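Asks: Quick one: the structure is below, questions incoming.
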Amino acid sequence: MKRLLLNEVEVCNLLNIKPRAISSAGIPKVKLGRMVLYDVDDILTWIESSKKAGATLPSLIETFFETEEIKGISNLSLALGAPYRFIFSEVKKGQLPFTRRNGDYVFSIKALKDWIKEAKRKWKQQTEREEQQKQ
């Protein structure tokens, strides 16, 4: 299953960097509740823009496979790297895009990526507001 979001520890292990280096790396964050996560697509973009000639992508990223949908809340929880209870509550509140098929929750990868982009936009706005309030 392709992971869409990684937590800080997973990003550190993937890129072989220390936690404090992540914030200075400039990889955009996604805030889901109290969790701070990183979009795999943003990490790939960052790697491509900063890698040196001849460098290859880490093998962990190369193992991700493409799919058009994720079936089930537990699978989505694994893909997002978020607790099952958090995903379940977001689904019940109507915050996550889904369809029902044969009694299962089905999540479109495209819709989830749009949802992640919106979460990043909101996080950025909130951060900017907090910065303005400090001034």
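In the structure tokens, chains take the letters A, B, ... in the order shown, each chain's residues start at 1, and ligands count up from 1 in the order shown.
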Could you list, as a ChimeraX atom specification, every residue within 6 Å of range 22-39 of chain A, counting only C-alpha atoms and ignoring same-chain residues fewer than 2 positions away?
Replies: /A:4-7,19-20,41-42,120
Asks: Using DSSP on the backbone coordinates, identify all residues within chain A classified as helix (DSSP H, G or I); present the result as a count of residues only.
Replies: 73
Asks: At a cut-off of 8 Å, using only C-alpha atoms, what residues contact Ser108 in chain A? Leave out same-chain residues fewer than 3 positions from it and give the result as number ranges by chain.
Replies: A: 68-70, 97-98, 111-112
Asks: Keeping only C-alpha atoms, write the selected residues as an mmCIF file, in the first residue's frame.
Replies:
data_model
loop_
_atom_site.group_PDB
_atom_site.id
_atom_site.type_symbol
_atom_site.label_atom_id
_atom_site.label_comp_id
_atom_site.auth_asym_id
_atom_site.auth_seq_id
_atom_site.Cartn_x
_atom_site.Cartn_y
_atom_site.Cartn_z
ATOM 1 C CA GLU A 68 -6.365 4.545 -7.279
ATOM 2 C CA GLU A 69 -8.164 3.854 -4.012
ATOM 3 C CA ILE A 70 -7.775 2.585 -0.488
ATOM 4 C CA PRO A 97 -13.819 12.208 1.343
ATOM 5 C CA PHE A 98 -15.114 8.637 0.978
ATOM 6 C CA ALA A 111 -9.648 12.961 -3.346
ATOM 7 C CA LEU A 112 -7.278 12.260 -0.449
#
Asks: Excluding same-chain residues fewer than 2 positions from Val91 in chain A, what lies within 12 Å of it counting only C-alpha atoms, as a list in words?
Replies: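 Skipping anything fewer than 2 positions along the chain leaves Gly72, Ile73, Ser74, Leu76, Ser77, Tyr84, Arg85, Phe86, Ile87, Phe88, Ser89, Lys93, Gly94, Gln95, Leu96, Pro97, Phe98, Thr99, Arg100, Tyr105, Val106, Phe107 and Leu112 of chain A.
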Asks: If I take CA of Leu78 in chain A and CA of Arg3 in chain A, how far is one from the other in Å, to one decimal?
Replies: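 So the answer is 7.2 Å.
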Asks: If I take CA of Cys12 in chain A and CA of Lys122 in chain A, how far is one from the other in Å, to one decimal?
Replies: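 It comes out at 24.4 Å.
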Asks: What does the distance between CA of Leu15 in chain A and CA of Thr45 in chain A come to in Å, to one decimal place?
Replies: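 These two atoms are separated by 13.0 Å.
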Asks: Please return, as a VMD selection string, all residues of chain A that DSSP assigns to strand (DSSP E) on the basis of the backbone.
Replies: chain A and resid 5 to 7 29 to 32 35 to 39 69 to 71 99 to 101 104 to 108
Asks: Limited to N, CA and C atoms, could you put the picked residues into a file as a PDB file, in the first residue's frame?
Replies:
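To be explicit, this is the file written out as again-v1.pdb:
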ATOM      1  N   LEU A   5       1.249   9.906   3.759  1.00  0.00           N
ATOM      2  CA  LEU A   5       1.853  10.802   4.739  1.00  0.00           C
ATOM      3  C   LEU A   5       2.796  10.021   5.639  1.00  0.00           C
ATOM      4  N   LEU A   6       3.882  10.685   6.059  1.00  0.00           N
ATOM      5  CA  LEU A   6       4.850  10.077   6.969  1.00  0.00           C
ATOM      6  C   LEU A   6       5.009  10.981   8.178  1.00  0.00           C
ATOM      7  N   ASN A   7       5.269  10.382   9.335  1.00  0.00           N
ATOM      8  CA  ASN A   7       5.523  11.198  10.512  1.00  0.00           C
ATOM      9  C   ASN A   7       7.005  11.602  10.529  1.00  0.00           C
ATOM     10  N   LYS A  29       4.654  20.861   5.725  1.00  0.00           N
ATOM     11  CA  LYS A  29       4.019  20.014   6.728  1.00  0.00           C
ATOM     12  C   LYS A  29       2.514  19.961   6.499  1.00  0.00           C
ATOM     13  N   VAL A  30       1.916  18.906   7.025  1.00  0.00           N
ATOM     14  CA  VAL A  30       0.464  18.758   7.045  1.00  0.00           C
ATOM     15  C   VAL A  30       0.088  18.543   8.497  1.00  0.00           C
ATOM     16  N   LYS A  31      -0.836  19.337   9.023  1.00  0.00           N
ATOM     17  CA  LYS A  31      -1.262  19.146  10.401  1.00  0.00           C
ATOM     18  C   LYS A  31      -2.633  18.497  10.398  1.00  0.00           C
ATOM     19  N   LEU A  32      -2.723  17.327  11.033  1.00  0.00           N
ATOM     20  CA  LEU A  32      -3.978  16.613  11.193  1.00  0.00           C
ATOM     21  C   LEU A  32      -4.205  16.476  12.691  1.00  0.00           C
ATOM     22  N   MET A  35      -1.199  16.048  15.170  1.00  0.00           N
ATOM     23  CA  MET A  35      -0.085  15.387  14.487  1.00  0.00           C
ATOM     24  C   MET A  35       0.477  16.269  13.374  1.00  0.00           C
ATOM     25  N   VAL A  36       1.773  16.269  13.248  1.00  0.00           N
ATOM     26  CA  VAL A  36       2.441  16.942  12.138  1.00  0.00           C
ATOM     27  C   VAL A  36       3.002  15.841  11.254  1.00  0.00           C
ATOM     28  N   LEU A  37       2.563  15.831   9.993  1.00  0.00           N
ATOM     29  CA  LEU A  37       2.964  14.794   9.056  1.00  0.00           C
ATOM     30  C   LEU A  37       3.521  15.432   7.795  1.00  0.00           C
ATOM     31  N   TYR A  38       4.126  14.614   6.956  1.00  0.00           N
ATOM     32  CA  TYR A  38       4.763  15.087   5.736  1.00  0.00           C
ATOM     33  C   TYR A  38       4.231  14.292   4.552  1.00  0.00           C
ATOM     34  N   ASP A  39       3.838  15.008   3.505  1.00  0.00           N
ATOM     35  CA  ASP A  39       3.302  14.410   2.291  1.00  0.00           C
ATOM     36  C   ASP A  39       4.443  13.753   1.509  1.00  0.00           C
ATOM     37  N   GLU A  69      -7.311   3.726  -5.188  1.00  0.00           N
ATOM     38  CA  GLU A  69      -8.164   3.854  -4.012  1.00  0.00           C
ATOM     39  C   GLU A  69      -7.644   2.987  -2.871  1.00  0.00           C
ATOM     40  N   ILE A  70      -8.101   3.337  -1.688  1.00  0.00           N
ATOM     41  CA  ILE A  70      -7.775   2.585  -0.488  1.00  0.00           C
ATOM     42  C   ILE A  70      -9.089   2.108   0.104  1.00  0.00           C
ATOM     43  N   LYS A  71      -9.161   0.817   0.402  1.00  0.00           N
ATOM     44  CA  LYS A  71     -10.387   0.247   0.963  1.00  0.00           C
ATOM     45  C   LYS A  71     -10.222   0.043   2.461  1.00  0.00           C
ATOM     46  N   THR A  99     -16.456   7.024  -0.182  1.00  0.00           N
ATOM     47  CA  THR A  99     -17.694   6.443  -0.700  1.00  0.00           C
ATOM     48  C   THR A  99     -17.886   5.120   0.028  1.00  0.00           C
ATOM     49  N   ARG A 100     -19.085   4.601  -0.040  1.00  0.00           N
ATOM     50  CA  ARG A 100     -19.366   3.294   0.561  1.00  0.00           C
ATOM     51  C   ARG A 100     -19.580   2.302  -0.575  1.00  0.00           C
ATOM     52  N   ARG A 101     -18.920   1.156  -0.472  1.00  0.00           N
ATOM     53  CA  ARG A 101     -19.081   0.105  -1.470  1.00  0.00           C
ATOM     54  C   ARG A 101     -19.108  -1.243  -0.739  1.00  0.00           C
ATOM     55  N   ASP A 104     -18.092  -1.301   2.848  1.00  0.00           N
ATOM     56  CA  ASP A 104     -16.749  -0.812   3.180  1.00  0.00           C
ATOM     57  C   ASP A 104     -16.612   0.663   2.829  1.00  0.00           C
ATOM     58  N   TYR A 105     -15.773   1.346   3.581  1.00  0.00           N
ATOM     59  CA  TYR A 105     -15.390   2.710   3.226  1.00  0.00           C
ATOM     60  C   TYR A 105     -14.317   2.617   2.157  1.00  0.00           C
ATOM     61  N   VAL A 106     -14.471   3.403   1.088  1.00  0.00           N
ATOM     62  CA  VAL A 106     -13.492   3.416   0.002  1.00  0.00           C
ATOM     63  C   VAL A 106     -13.039   4.863  -0.175  1.00  0.00           C
ATOM     64  N   PHE A 107     -11.713   5.059  -0.180  1.00  0.00           N
ATOM     65  CA  PHE A 107     -11.125   6.391  -0.259  1.00  0.00           C
ATOM     66  C   PHE A 107     -10.354   6.531  -1.560  1.00  0.00           C
ATOM     67  N   SER A 108     -10.711   7.522  -2.362  1.00  0.00           N
ATOM     68  CA  SER A 108     -10.021   7.802  -3.618  1.00  0.00           C
ATOM     69  C   SER A 108      -8.693   8.494  -3.316  1.00  0.00           C
TER      70      SER A 108
END
